[in-house]
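Engineer: Pasting structure.csv here (CSV, C-alpha atoms):
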```
chain,number,residue,atom,x,y,z
A,158,SER,CA,-13.0,-20.4,5.3
A,159,CYS,CA,-12.7,-19.8,1.5
A,160,LYS,CA,-14.6,-16.8,0.2
A,161,LEU,CA,-15.6,-16.7,-3.4
A,162,PHE,CA,-16.3,-13.6,-5.5
A,163,PHE,CA,-20.1,-13.2,-5.9
A,164,SER,CA,-20.8,-15.9,-3.4
A,165,ASN,CA,-24.6,-15.9,-4.0
A,166,ASP,CA,-24.0,-16.7,-7.7
A,167,PRO,CA,-20.3,-17.6,-8.2
A,168,VAL,CA,-18.6,-17.6,-11.5
A,169,LYS,CA,-16.7,-20.7,-12.8
A,170,ILE,CA,-13.8,-19.5,-14.9
A,171,VAL,CA,-12.1,-22.0,-17.2
A,172,LYS,CA,-10.1,-19.8,-19.6
A,173,ALA,CA,-8.6,-16.3,-19.8
A,174,LYS,CA,-6.7,-14.2,-22.3
A,175,GLY,CA,-5.5,-10.6,-22.0
A,176,GLN,CA,-8.1,-8.7,-20.0
A,177,TYR,CA,-10.9,-11.2,-20.5
A,178,MET,CA,-12.0,-14.3,-18.6
A,179,TYR,CA,-14.4,-17.0,-19.8
A,180,ASP,CA,-16.8,-19.2,-17.9
A,181,GLU,CA,-17.6,-22.9,-18.7
A,182,LYS,CA,-20.4,-21.7,-21.1
A,183,GLY,CA,-18.0,-19.5,-23.1
A,184,ARG,CA,-19.3,-16.3,-21.7
A,185,GLN,CA,-16.8,-13.5,-21.8
A,186,TYR,CA,-16.2,-11.2,-18.8
A,187,LEU,CA,-14.1,-8.0,-18.7
A,188,ASP,CA,-11.6,-8.4,-15.8
A,189,CYS,CA,-11.2,-5.0,-14.0
A,190,ILE,CA,-9.6,-6.4,-10.8
A,191,ASN,CA,-6.9,-9.0,-11.6
A,192,ASN,CA,-3.6,-7.2,-10.9
A,193,VAL,CA,-1.9,-10.6,-10.7
A,194,ALA,CA,-2.2,-11.2,-14.4
A,195,HIS,CA,-0.2,-8.0,-14.8
A,196,VAL,CA,0.6,-7.9,-18.5
A,197,GLY,CA,-2.6,-9.9,-19.4
A,198,HIS,CA,-3.9,-13.4,-18.7
A,199,CYS,CA,-2.0,-16.2,-20.4
A,200,HIS,CA,0.3,-13.8,-22.2
A,201,PRO,CA,2.0,-15.9,-25.0
A,202,ASP,CA,5.5,-14.6,-24.2
A,203,ILE,CA,5.2,-15.5,-20.5
A,204,VAL,CA,3.8,-19.0,-21.3
A,205,LYS,CA,6.6,-19.6,-23.8
A,206,ALA,CA,9.4,-18.5,-21.4
A,207,ALA,CA,8.0,-20.8,-18.7
A,208,ASP,CA,7.6,-23.7,-21.1
A,209,GLU,CA,11.1,-23.4,-22.6
A,210,GLN,CA,12.9,-23.2,-19.2
A,211,ASN,CA,10.7,-26.0,-17.8
A,212,GLN,CA,12.0,-28.2,-20.6
A,213,LEU,CA,15.6,-27.4,-19.7
A,214,LEU,CA,15.8,-27.3,-16.0
A,215,ASN,CA,14.0,-26.3,-12.8
A,216,THR,CA,15.8,-26.8,-9.5
A,217,ASN,CA,16.6,-24.9,-6.4
A,218,SER,CA,19.1,-22.1,-6.2
A,219,ARG,CA,22.0,-24.1,-4.7
A,220,TYR,CA,23.5,-24.3,-8.2
A,221,LEU,CA,24.9,-21.5,-10.3
A,222,HIS,CA,22.5,-20.4,-13.0
A,223,ASP,CA,22.4,-17.3,-15.3
A,224,ASN,CA,18.7,-16.6,-14.9
A,225,ILE,CA,18.8,-15.5,-11.2
A,226,VAL,CA,21.7,-13.2,-11.9
A,227,SER,CA,20.3,-11.8,-15.1
A,228,TYR,CA,17.0,-11.2,-13.4
A,229,ALA,CA,18.5,-9.4,-10.4
A,230,GLU,CA,20.5,-7.2,-12.7
A,231,ARG,CA,17.4,-6.3,-14.7
A,232,LEU,CA,15.4,-5.5,-11.6
A,233,SER,CA,18.3,-3.4,-10.2
A,234,LYS,CA,18.0,-1.1,-13.2
A,235,MET,CA,14.4,-0.4,-12.3
A,236,LEU,CA,15.2,0.7,-8.7
A,237,PRO,CA,17.2,3.4,-7.0
A,238,GLU,CA,20.9,2.5,-6.9
A,239,LYS,CA,21.1,1.8,-3.2
A,240,LEU,CA,18.6,-1.0,-3.5
A,241,CYS,CA,21.0,-3.5,-4.9
A,242,ILE,CA,20.6,-6.8,-3.0
A,243,PHE,CA,17.8,-9.1,-3.9
A,244,TYR,CA,16.2,-12.1,-2.2
A,245,PHE,CA,13.8,-14.2,-4.3
A,246,LEU,CA,10.8,-15.9,-2.8
A,247,ASN,CA,7.4,-17.4,-3.8
A,248,SER,CA,4.8,-15.0,-2.5
A,249,GLY,CA,4.2,-11.5,-1.3
A,250,SER,CA,3.6,-12.8,2.2
A,251,GLU,CA,7.0,-14.5,2.2
A,252,ALA,CA,8.6,-11.2,1.0
A,253,ASN,CA,7.0,-9.1,3.7
A,254,ASP,CA,7.9,-11.7,6.4
A,255,LEU,CA,11.5,-11.6,5.3
A,256,ALA,CA,11.4,-7.7,5.2
A,257,LEU,CA,10.3,-7.8,8.8
A,258,ARG,CA,13.2,-10.1,9.7
A,259,LEU,CA,15.7,-7.9,7.9
A,260,ALA,CA,14.5,-4.8,9.7
A,261,ARG,CA,14.7,-6.4,13.1
A,262,GLN,CA,18.1,-7.9,12.5
A,263,TYR,CA,19.5,-4.6,11.2
A,264,THR,CA,18.0,-2.2,13.8
A,265,LYS,CA,18.0,-4.7,16.8
A,266,HIS,CA,14.6,-3.2,17.6
A,267,GLU,CA,11.2,-5.0,17.6
A,268,ASP,CA,8.4,-2.6,17.1
A,269,VAL,CA,6.6,-1.9,13.8
A,270,ILE,CA,4.4,1.1,12.8
A,271,VAL,CA,1.7,0.4,10.2
A,272,LEU,CA,-1.3,2.3,8.8
A,273,ASP,CA,-4.8,1.6,9.9
A,274,HIS,CA,-6.7,-0.9,7.6
A,275,ALA,CA,-3.4,-2.2,6.2
A,276,TYR,CA,-3.0,-5.7,4.9
A,277,HIS,CA,0.5,-7.2,4.4
A,278,GLY,CA,-0.1,-10.9,4.1
A,279,HIS,CA,-1.5,-14.1,5.6
A,280,LEU,CA,1.5,-15.4,7.6
A,281,THR,CA,1.2,-15.1,11.4
A,282,SER,CA,3.8,-12.4,11.5
A,283,LEU,CA,1.9,-10.4,8.9
A,284,ILE,CA,-1.5,-10.8,10.4
A,285,ASP,CA,0.1,-9.2,13.5
A,286,ILE,CA,0.9,-6.1,11.4
A,287,SER,CA,-2.3,-6.0,9.4
A,288,PRO,CA,-5.1,-4.1,11.2
A,289,TYR,CA,-7.5,-5.3,8.5
A,290,LYS,CA,-7.0,-8.8,9.9
A,291,PHE,CA,-6.0,-8.5,13.5
A,292,ARG,CA,-8.9,-6.3,14.5
A,293,ASN,CA,-11.2,-9.4,13.9
A,294,LEU,CA,-8.8,-11.9,15.5
A,295,ASP,CA,-6.6,-11.6,18.6
A,296,GLY,CA,-6.2,-7.8,18.6
A,297,GLN,CA,-3.2,-5.6,18.6
A,298,LYS,CA,0.2,-6.8,19.8
A,299,GLU,CA,2.2,-4.5,22.1
A,300,TRP,CA,4.9,-4.1,19.5
A,301,VAL,CA,2.5,-2.9,16.8
A,302,HIS,CA,1.6,0.7,16.5
A,303,VAL,CA,-1.2,1.9,14.2
A,304,ALA,CA,-1.0,5.3,12.4
A,305,PRO,CA,-4.0,6.9,10.6
A,306,VAL,CA,-4.2,6.4,6.9
A,307,PRO,CA,-3.1,9.5,5.0
A,308,ASP,CA,-6.5,9.8,3.3
A,309,THR,CA,-7.3,13.4,2.4
A,310,TYR,CA,-10.9,12.5,1.4
A,311,ARG,CA,-12.3,10.8,4.5
A,312,GLY,CA,-9.4,10.7,6.9
A,313,LEU,CA,-8.3,12.7,9.9
A,314,TYR,CA,-7.0,15.6,7.8
A,315,ARG,CA,-8.8,16.3,4.6
A,316,GLU,CA,-8.4,18.3,1.4
A,317,ASP,CA,-9.4,21.5,3.3
A,318,HIS,CA,-6.5,21.1,5.8
A,319,GLU,CA,-3.6,23.6,5.3
A,320,ASP,CA,-0.9,21.0,5.4
A,321,PRO,CA,-2.2,17.4,5.6
A,322,VAL,CA,1.3,16.0,4.7
A,323,THR,CA,2.9,17.4,7.9
A,324,ALA,CA,-0.2,16.7,10.0
A,325,TYR,CA,-0.3,13.0,9.0
A,326,ALA,CA,3.5,12.6,9.4
A,327,ASN,CA,3.3,14.2,12.9
A,328,GLU,CA,0.8,11.4,13.9
A,329,VAL,CA,3.7,9.0,13.2
A,330,LYS,CA,6.1,11.2,15.2
A,331,THR,CA,3.7,11.2,18.1
A,332,ILE,CA,3.4,7.4,18.0
A,333,ILE,CA,7.2,7.1,18.1
A,334,GLU,CA,7.5,9.5,21.1
A,335,GLN,CA,4.8,7.6,23.0
A,336,ALA,CA,6.5,4.2,22.2
A,337,HIS,CA,9.8,5.6,23.5
A,338,LYS,CA,8.2,6.7,26.7
A,339,ARG,CA,7.1,3.0,27.2
A,340,GLY,CA,10.6,1.8,26.5
A,341,ARG,CA,9.7,0.5,23.1
A,342,LYS,CA,12.1,0.8,20.1
A,343,ILE,CA,11.0,1.1,16.4
A,344,ALA,CA,12.3,-1.4,13.9
A,345,ALA,CA,10.3,-0.2,10.9
A,346,PHE,CA,7.5,1.8,9.3
A,347,PHE,CA,5.8,-0.8,7.1
A,348,VAL,CA,3.5,0.7,4.5
A,349,GLU,CA,1.8,-0.2,1.2
A,350,SER,CA,3.0,2.4,-1.3
A,351,LEU,CA,-0.7,2.9,-2.2
A,352,PRO,CA,-3.0,1.4,0.5
A,353,SER,CA,-5.3,-0.8,-1.5
A,354,VAL,CA,-7.5,-2.7,1.1
A,355,GLY,CA,-7.6,0.6,3.0
A,356,GLY,CA,-9.7,2.0,0.1
A,357,GLN,CA,-7.4,2.7,-3.0
A,358,ILE,CA,-5.6,5.6,-1.2
A,359,ILE,CA,-3.1,7.9,-2.8
A,360,PRO,CA,-0.9,9.3,0.0
A,361,PRO,CA,-0.1,13.0,-0.5
A,362,ALA,CA,3.3,13.6,-2.0
A,363,GLY,CA,6.0,14.3,0.6
A,364,TYR,CA,4.3,12.2,3.3
A,365,PHE,CA,6.8,9.3,3.0
A,366,GLN,CA,9.8,11.7,3.2
A,367,LYS,CA,8.6,13.3,6.4
A,368,VAL,CA,7.7,9.9,8.0
A,369,ALA,CA,11.1,8.4,6.9
A,370,GLU,CA,12.8,11.3,8.7
A,371,HIS,CA,11.0,10.6,12.0
A,372,VAL,CA,11.5,6.8,11.6
A,373,HIS,CA,15.2,7.0,10.8
A,374,LYS,CA,15.8,9.4,13.7
A,375,ALA,CA,14.2,6.7,15.9
A,376,GLY,CA,16.7,4.1,14.6
A,377,GLY,CA,14.1,2.4,12.4
A,378,ILE,CA,13.9,1.8,8.6
A,379,PHE,CA,11.2,2.4,5.9
A,380,ILE,CA,9.7,-0.6,4.1
A,381,ALA,CA,7.6,0.0,1.0
A,382,ASP,CA,5.2,-2.8,0.2
A,383,GLU,CA,4.8,-2.7,-3.7
A,384,ILE,CA,3.0,-6.1,-3.9
A,385,GLN,CA,-0.2,-4.6,-5.2
A,386,VAL,CA,1.0,-1.6,-7.2
A,387,GLY,CA,4.6,-2.2,-8.5
A,388,PHE,CA,5.8,-2.8,-12.1
A,389,GLY,CA,4.4,0.3,-13.9
A,390,ARG,CA,0.8,0.1,-12.7
A,391,VAL,CA,0.8,3.7,-11.6
A,392,GLY,CA,1.8,4.8,-15.1
A,393,LYS,CA,4.1,7.8,-14.5
A,394,HIS,CA,6.5,5.6,-12.5
A,395,PHE,CA,7.6,2.0,-12.3
A,396,TRP,CA,6.9,1.9,-8.5
A,397,GLY,CA,4.2,3.4,-6.4
A,398,PHE,CA,6.6,4.9,-3.9
A,399,GLN,CA,8.1,7.1,-6.7
A,400,LEU,CA,4.8,9.1,-6.7
A,401,GLN,CA,6.2,10.7,-3.5
A,402,GLY,CA,9.0,12.4,-5.4
A,403,GLU,CA,12.5,11.7,-6.7
A,404,ASP,CA,14.1,12.5,-3.4
A,405,PHE,CA,12.6,9.4,-1.7
A,406,THR,CA,14.0,5.9,-1.5
A,407,PRO,CA,12.8,3.2,0.9
A,408,ASP,CA,15.3,1.0,2.8
A,409,ILE,CA,13.4,-2.1,1.7
A,410,VAL,CA,11.0,-2.8,-1.2
A,411,THR,CA,8.9,-5.9,-1.3
A,412,MET,CA,7.3,-7.3,-4.6
A,413,GLY,CA,4.8,-10.0,-5.4
A,414,LYS,CA,1.6,-10.5,-7.4
A,415,PRO,CA,2.3,-8.8,-10.7
A,416,ILE,CA,6.0,-9.8,-10.7
A,417,GLY,CA,5.3,-13.2,-12.2
A,418,ASN,CA,2.0,-12.6,-14.1
A,419,GLY,CA,0.3,-15.3,-12.1
A,420,HIS,CA,3.3,-17.5,-11.4
A,421,PRO,CA,4.3,-17.6,-7.7
A,422,ILE,CA,7.4,-15.4,-7.5
A,423,ALA,CA,8.3,-12.6,-5.1
A,424,CYS,CA,11.3,-10.4,-4.2
A,425,VAL,CA,12.8,-8.3,-1.5
A,426,ALA,CA,15.2,-5.6,-2.6
A,427,THR,CA,17.3,-3.8,0.0
A,428,THR,CA,20.7,-2.1,0.7
A,429,THR,CA,24.1,-3.7,1.2
A,430,GLU,CA,24.2,-2.5,4.9
A,431,ILE,CA,20.9,-4.2,5.8
A,432,ALA,CA,21.8,-7.4,3.9
A,433,GLU,CA,25.2,-7.6,5.6
A,434,ALA,CA,23.6,-7.2,9.1
A,435,PHE,CA,21.3,-10.1,8.2
A,436,ALA,CA,24.1,-12.3,6.9
A,437,ALA,CA,26.2,-11.5,10.0
A,438,THR,CA,23.9,-13.8,12.1
A,439,GLY,CA,25.7,-16.8,10.5
A,440,VAL,CA,22.2,-18.3,9.9
A,441,GLU,CA,21.9,-18.7,6.1
A,442,TYR,CA,18.7,-17.6,4.3
A,443,PHE,CA,17.5,-20.4,2.0
A,444,ASN,CA,14.3,-20.7,0.0
A,445,THR,CA,13.8,-24.0,-1.8
A,446,PHE,CA,11.8,-22.6,-4.8
A,447,GLY,CA,12.8,-18.9,-4.5
A,448,GLY,CA,14.8,-17.8,-7.5
A,449,ASN,CA,14.5,-21.1,-9.4
A,450,PRO,CA,15.3,-20.9,-13.1
A,451,VAL,CA,11.7,-21.1,-14.3
A,452,SER,CA,10.5,-18.3,-11.9
A,453,CYS,CA,13.4,-16.1,-13.0
A,454,ALA,CA,12.7,-16.8,-16.7
A,455,ILE,CA,9.1,-15.7,-16.2
A,456,GLY,CA,10.2,-12.6,-14.2
A,457,LEU,CA,12.5,-11.6,-17.1
A,458,ALA,CA,9.7,-12.2,-19.6
A,459,VAL,CA,7.3,-10.0,-17.6
A,460,LEU,CA,9.9,-7.1,-17.7
A,461,ASP,CA,10.4,-7.7,-21.5
A,462,VAL,CA,6.6,-7.5,-22.1
A,463,ILE,CA,6.2,-4.3,-20.0
A,464,GLU,CA,9.0,-2.7,-22.1
A,465,LYS,CA,8.1,-4.1,-25.5
A,466,GLU,CA,4.4,-3.2,-25.2
A,467,HIS,CA,5.0,0.2,-23.6
A,468,LEU,CA,2.6,-0.8,-20.8
A,469,GLN,CA,3.7,1.9,-18.4
A,470,ALA,CA,2.8,4.7,-20.9
A,471,HIS,CA,-0.4,2.7,-21.8
A,472,ALA,CA,-1.4,2.7,-18.1
A,473,THR,CA,-1.0,6.4,-17.9
A,474,GLU,CA,-3.0,7.0,-21.1
A,475,VAL,CA,-5.9,4.6,-20.3
A,476,GLY,CA,-5.8,5.5,-16.6
A,477,ASN,CA,-6.2,9.2,-17.3
A,478,PHE,CA,-9.1,8.5,-19.7
A,479,LEU,CA,-10.8,6.2,-17.2
A,480,MET,CA,-10.4,8.9,-14.4
A,481,LYS,CA,-11.8,11.6,-16.8
A,482,LEU,CA,-14.9,9.4,-17.6
A,483,LEU,CA,-15.4,8.7,-13.9
A,484,GLU,CA,-15.1,12.4,-13.0
A,485,GLU,CA,-17.9,13.1,-15.5
A,486,GLN,CA,-20.0,10.5,-13.7
A,487,LYS,CA,-19.2,12.2,-10.3
A,488,ILE,CA,-20.9,15.4,-11.6
A,489,LYS,CA,-23.9,13.5,-12.8
A,490,HIS,CA,-24.4,11.0,-9.8
A,491,PRO,CA,-24.2,12.4,-6.2
A,492,ILE,CA,-23.5,8.8,-5.0
A,493,ILE,CA,-19.9,9.2,-6.3
A,494,GLY,CA,-18.0,11.1,-3.6
A,495,ASP,CA,-14.5,10.8,-4.8
A,496,VAL,CA,-12.5,9.5,-7.8
A,497,ARG,CA,-8.8,9.0,-7.1
A,498,GLY,CA,-5.9,7.1,-8.6
A,499,SER,CA,-2.8,6.9,-10.7
A,500,GLY,CA,-2.5,4.9,-13.9
A,501,LEU,CA,-4.5,1.7,-13.7
A,502,PHE,CA,-4.9,1.9,-9.9
A,503,VAL,CA,-8.2,3.7,-9.4
A,504,GLY,CA,-10.8,4.0,-6.6
A,505,VAL,CA,-14.3,5.3,-6.7
A,506,ASP,CA,-15.7,6.2,-3.3
A,507,LEU,CA,-19.4,5.7,-3.1
A,508,ILE,CA,-21.3,7.7,-0.5
A,509,LYS,CA,-24.8,8.1,0.9
A,510,ASP,CA,-24.4,11.7,1.9
A,511,GLN,CA,-22.2,14.5,0.4
A,512,ALA,CA,-21.7,16.3,3.7
A,513,GLU,CA,-21.1,13.3,6.0
A,514,ARG,CA,-19.5,11.1,3.3
A,515,THR,CA,-21.2,8.1,4.8
A,516,PRO,CA,-20.0,4.9,3.0
A,517,ALA,CA,-22.6,3.6,0.6
A,518,THR,CA,-21.8,-0.1,1.4
A,519,ALA,CA,-25.1,-1.8,0.3
A,520,GLU,CA,-25.2,0.3,-2.9
A,521,ALA,CA,-21.6,-0.6,-3.8
A,522,GLU,CA,-22.4,-4.3,-3.3
A,523,TYR,CA,-25.5,-4.0,-5.4
A,524,LEU,CA,-23.5,-2.3,-8.2
A,525,ILE,CA,-20.8,-4.9,-8.5
A,526,THR,CA,-23.4,-7.7,-8.5
A,527,ARG,CA,-25.2,-6.0,-11.3
A,528,LEU,CA,-21.9,-5.3,-13.2
A,529,LYS,CA,-21.2,-9.0,-13.0
A,530,GLU,CA,-24.6,-9.6,-14.7
A,531,GLU,CA,-23.4,-7.2,-17.4
A,532,SER,CA,-20.2,-9.3,-17.8
A,533,ILE,CA,-17.9,-7.0,-15.9
A,534,LEU,CA,-15.8,-8.2,-12.9
A,535,LEU,CA,-15.2,-5.4,-10.4
A,536,SER,CA,-15.0,-5.5,-6.6
A,537,THR,CA,-15.1,-3.2,-3.6
A,538,ASP,CA,-12.6,-2.3,-0.8
A,539,GLY,CA,-12.0,0.1,2.0
A,540,PRO,CA,-13.1,-0.1,5.6
A,541,GLY,CA,-16.7,0.5,4.5
A,542,ARG,CA,-16.5,-1.8,1.5
A,543,ASN,CA,-17.8,1.1,-0.5
A,544,VAL,CA,-14.8,1.9,-2.8
A,545,LEU,CA,-15.0,0.4,-6.3
A,546,LYS,CA,-11.4,-0.7,-7.0
A,547,PHE,CA,-10.0,-0.8,-10.5
A,548,LYS,CA,-6.7,-2.8,-10.9
A,549,PRO,CA,-7.1,-4.5,-14.3
A,550,PRO,CA,-4.5,-6.2,-16.3
A,551,MET,CA,-2.2,-3.6,-17.9
A,552,CYS,CA,-3.6,-4.3,-21.4
A,553,PHE,CA,-7.0,-2.8,-20.4
A,554,SER,CA,-8.0,-0.5,-23.2
A,555,MET,CA,-9.8,2.8,-23.8
A,556,GLU,CA,-12.8,0.8,-25.2
A,557,ASP,CA,-12.8,-1.3,-22.0
A,558,ALA,CA,-12.8,1.9,-19.9
A,559,LYS,CA,-15.7,3.4,-21.8
A,560,PHE,CA,-17.7,0.1,-21.7
A,561,VAL,CA,-17.3,-0.1,-17.9
A,562,VAL,CA,-18.1,3.6,-17.2
A,563,ASP,CA,-21.1,3.5,-19.6
A,564,THR,CA,-22.4,0.5,-17.8
A,565,ILE,CA,-21.9,2.1,-14.4
A,566,ASP,CA,-23.7,5.2,-15.6
A,567,LYS,CA,-26.6,3.1,-16.8
A,568,LEU,CA,-26.9,1.2,-13.5
A,569,LEU,CA,-26.6,4.3,-11.3
A,570,THR,CA,-29.2,6.0,-13.4
```
Let's see the structure in the file written out as structure tokens.
Structural biologist:
Amino acid sequence: SCKLFFSNDPVKIVKAKGQYMYDEKGRQYLDCINNVAHVGHCHPDIVKAADEQNQLLNTNSRYLHDNIVSYAERLSKMLPEKLCIFYFLNSGSEANDLALRLARQYTKHEDVIVLDHAYHGHLTSLIDISPYKFRNLDGQKEWVHVAPVPDTYRGLYREDHEDPVTAYANEVKTIIEQAHKRGRKIAAFFVESLPSVGGQIIPPAGYFQKVAEHVHKAGGIFIADEIQVGFGRVGKHFWGFQLQGEDFTPDIVTMGKPIGNGHPIACVATTTEIAEAFAATGVEYFNTFGGNPVSCAIGLAVLDVIEKEHLQAHATEVGNFLMKLLEEQKIKHPIIGDVRGSGLFVGVDLIKDQAERTPATAEAEYLITRLKEESILLSTDGPGRNVLKFKPPMCFSMEDAKFVVDTIDKLLT
């Protein structure tokens, strides 16, 4: 059941550094998709932090240790003030599963609203709230409600709609009203801050605020899944949800992937009220490896590197340059229907037809296969598998951006 990249001609990777990966023959590939190696593959500062702490101590969090406290304090400075309680875990899936438990315990409700095509993890509880997965498995549970993706390019309400923000938020309001008629109660609205599997979507600013209003009124809470896009990837902000505006704060934020630069660490941040309701059960929360000294040393090192190397500003600068180059290609090649993104989270929507916006699935697949032959690793996403997704390590450079776009231009021509 394991699927490889480029399954017809897979790549064997034996080494990586920065934004480059190397196969067993020493061939260098430019990595445009590895958002896990957030600050760069095998970053020396991260490797050093792990090595030094490994030589001192690695154990579970039943003992006092400075690293877990120091790390929670550092993370708290990156988040809105009310998100001040931290749970450490090993993966994004664990983080989202815990967020679900917190929401249900706090609200005493069961139901969850998610966006169509969402993917929140591989645990049973998360397959249940991931339309991307459950549509191909057992189908939709009665406690799961699916709202349309706020996609203004190919969604229900597009760029020509007078108020897509309110229209998409009202879809959630309608779902809540219908659920209430059936005696269901909403525990949470669970959303990727920037839907990735759904096609590299940038929800219109103000959508989260309006949705949160409806969800809070129904006694539910708002969970922002930052597992793909947190830690400065969007450039202008440290978190994807901050693109919605300064007046918005989720009730829970989940983190994974980039948090440890390839080391398995994850986190759930929430409010005191939600954490207290969870603790009131009297059933302790314990995670053997979550928050261990080595994981926290690595987490701290990642934050240090983001700061020291100004990677957030770098993501803005390089991301803007990449988008500009891609927009130029859009004028030249009618197959490019839309270019969207923020920082180093960018999607290129390939289409067969400008009027219908039919997904160019086969063409997208062909393009990424040819790019691999040109030593560029890129992949596709979206319901039609037609969106080229850029989520490179944050050290991705202007030269890299130009190389990729020039190659895309050559192949499309």
Engineer: Given only C-alpha atoms as the basis, pick out the residue of A:Phe245, A:Tyr276, A:Phe443, A:Phe162 nearest to Pro288 of chain A.
Structural biologist: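 Of the candidates, the smallest distance to Pro288 of chain A is held by A:Tyr276.
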Engineer: Quick one, how far is atom CA of Gly376 of chain A from atom CA of Lys342 of chain A?
Structural biologist: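 Taking atom CA of Gly376 of chain A and atom CA of Lys342 of chain A, their separation equals 7.9 Å.
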Engineer: Mind pulling up the distance from atom CA of Ile225 of chain A to atom CA of His394 of chain A?
Structural biologist: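 One can read the atom CA of His394 of chain A to atom CA of Ile225 of chain A distance as 24.5 Å.
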Engineer: Which distance in Å separates atom CA of Tyr177 of chain A and atom CA of Val459 of chain A, to one decimal?
Structural biologist: 18.5 Å
Engineer: Find the spatial neighbours of Ala519 of chain A, counting all atoms listed in the file, within a cut-off of 12 Å - ignore same-chain residues fewer than 5 positions away - and output them as a ChimeraX atom specification.
Structural biologist: /A:492,507-509,524-526,537,541-544
Engineer: Closest to Lys239 of chain A among A:Phe478, A:Phe405, A:Tyr523, A:Tyr220, using all atoms listed in the file?
Structural biologist: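 Closest to Lys239 of chain A, using all atoms listed in the file: A:Phe405.
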Engineer: Out of A:Glu334, A:Glu328, A:Glu522, A:Asp408, which residue has the shortest atom-to-atom distance to Leu257 of chain A when counting all atoms listed in the file?
Structural biologist: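 Of A:Glu334, A:Glu328, A:Glu522, A:Asp408, the one nearest Leu257 of chain A, counting all atoms listed in the file, is A:Asp408.
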Engineer: Using all atoms listed in the file, can you tell me which of A:Leu351, A:Val562, A:Ala326, A:Leu400 comes closest to Lys367 of chain A?
Structural biologist: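 The closest residue to Lys367 of chain A is A:Ala326.
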Engineer: Which residue is closest to Thr438 of chain A? Choose from A:Leu483, A:Val322, A:Val410, A:Leu259 and count all atoms listed in the file.
Structural biologist: A:Leu259
Engineer: Which is closest to His222 of chain A among A:Thr323, A:Thr331, A:Asn449, A:Ser554, if we use only C-alpha atoms?
Structural biologist: A:Asn449
Engineer: Quick one: residues within 6 Å of (-9.5, -4.6, -18.7) (file frame), counting all atoms listed in the file, please, as a CSV table (one decimal) with C-alpha atoms, in the frame of the given file.
Structural biologist:
```csv
chain,number,residue,atom,x,y,z
A,176,GLN,CA,-8.1,-8.7,-20.0
A,187,LEU,CA,-14.1,-8.0,-18.7
A,188,ASP,CA,-11.6,-8.4,-15.8
A,189,CYS,CA,-11.2,-5.0,-14.0
A,549,PRO,CA,-7.1,-4.5,-14.3
A,550,PRO,CA,-4.5,-6.2,-16.3
A,553,PHE,CA,-7.0,-2.8,-20.4
A,557,ASP,CA,-12.8,-1.3,-22.0
```
Engineer: Within 6 Å of (7.0, 1.8, 13.9), all atoms listed in the file: residues as a CSV table (one decimal) with C-alpha atoms, keeping the file's coordinate frame?
Structural biologist:
```
chain,number,residue,atom,x,y,z
A,268,ASP,CA,8.4,-2.6,17.1
A,269,VAL,CA,6.6,-1.9,13.8
A,270,ILE,CA,4.4,1.1,12.8
A,343,ILE,CA,11.0,1.1,16.4
A,345,ALA,CA,10.3,-0.2,10.9
A,346,PHE,CA,7.5,1.8,9.3
```
Engineer: I want to know what sits within 9 Å of Pro361 of chain A, based on only C-alpha atoms, with residues of the same chain fewer than 5 positions away left out; could you give that as a VMD selection string?
Structural biologist: chain A and resid 307 to 309 321 to 322 400 to 401
Engineer: Kindly provide the residues of segment 399-475 of chain A that approach segment 378-388 of chain A to within 6 Å, each paired with its closest atom pair and their distance in Å to one decimal, based on only C-alpha atoms, listed by chain and increasing number, as JSON lines.
Structural biologist:
```
{"residue": "A:Pro407", "atom": "CA", "partner": "A:Phe379", "partner_atom": "CA", "distance": 5.3}
{"residue": "A:Asp408", "atom": "CA", "partner": "A:Phe379", "partner_atom": "CA", "distance": 5.3}
{"residue": "A:Ile409", "atom": "CA", "partner": "A:Ile380", "partner_atom": "CA", "distance": 4.7}
{"residue": "A:Val410", "atom": "CA", "partner": "A:Ala381", "partner_atom": "CA", "distance": 4.9}
{"residue": "A:Thr411", "atom": "CA", "partner": "A:Asp382", "partner_atom": "CA", "distance": 5.1}
{"residue": "A:Met412", "atom": "CA", "partner": "A:Ile384", "partner_atom": "CA", "distance": 4.5}
{"residue": "A:Gly413", "atom": "CA", "partner": "A:Ile384", "partner_atom": "CA", "distance": 4.5}
{"residue": "A:Lys414", "atom": "CA", "partner": "A:Ile384", "partner_atom": "CA", "distance": 5.8}
```
Engineer: For the selection just defined, write its residues with C-alpha atoms to a file, as a PDB file, in the frame of the given file.
Structural biologist:
```pdb
ATOM      1  CA  PRO A 407      12.800   3.200   0.900  1.00  0.00           C
ATOM      2  CA  ASP A 408      15.300   1.000   2.800  1.00  0.00           C
ATOM      3  CA  ILE A 409      13.400  -2.100   1.700  1.00  0.00           C
ATOM      4  CA  VAL A 410      11.000  -2.800  -1.200  1.00  0.00           C
ATOM      5  CA  THR A 411       8.900  -5.900  -1.300  1.00  0.00           C
ATOM      6  CA  MET A 412       7.300  -7.300  -4.600  1.00  0.00           C
ATOM      7  CA  GLY A 413       4.800 -10.000  -5.400  1.00  0.00           C
ATOM      8  CA  LYS A 414       1.600 -10.500  -7.400  1.00  0.00           C
TER       9      LYS A 414
END
```
Engineer: May I have the residues within 6 Å of Ala344 of chain A as a VMD selection string, using only C-alpha atoms and disregarding those fewer than 4 positions away in the same chain?
Structural biologist: chain A and resid 260 to 261 264 266 to 269 377
Engineer: Take the residues from that selection and put them in a file with C-alpha atoms, as a compact mmCIF listing (two decimals), in the frame of the given file.
Structural biologist:
```txt
# COMPACT_ATOMS: atom_id res chain seq x y z
CA ALA A 260 14.50 -4.80 9.70
CA ARG A 261 14.70 -6.40 13.10
CA THR A 264 18.00 -2.20 13.80
CA HIS A 266 14.60 -3.20 17.60
CA GLU A 267 11.20 -5.00 17.60
CA ASP A 268 8.40 -2.60 17.10
CA VAL A 269 6.60 -1.90 13.80
CA GLY A 377 14.10 2.40 12.40
```
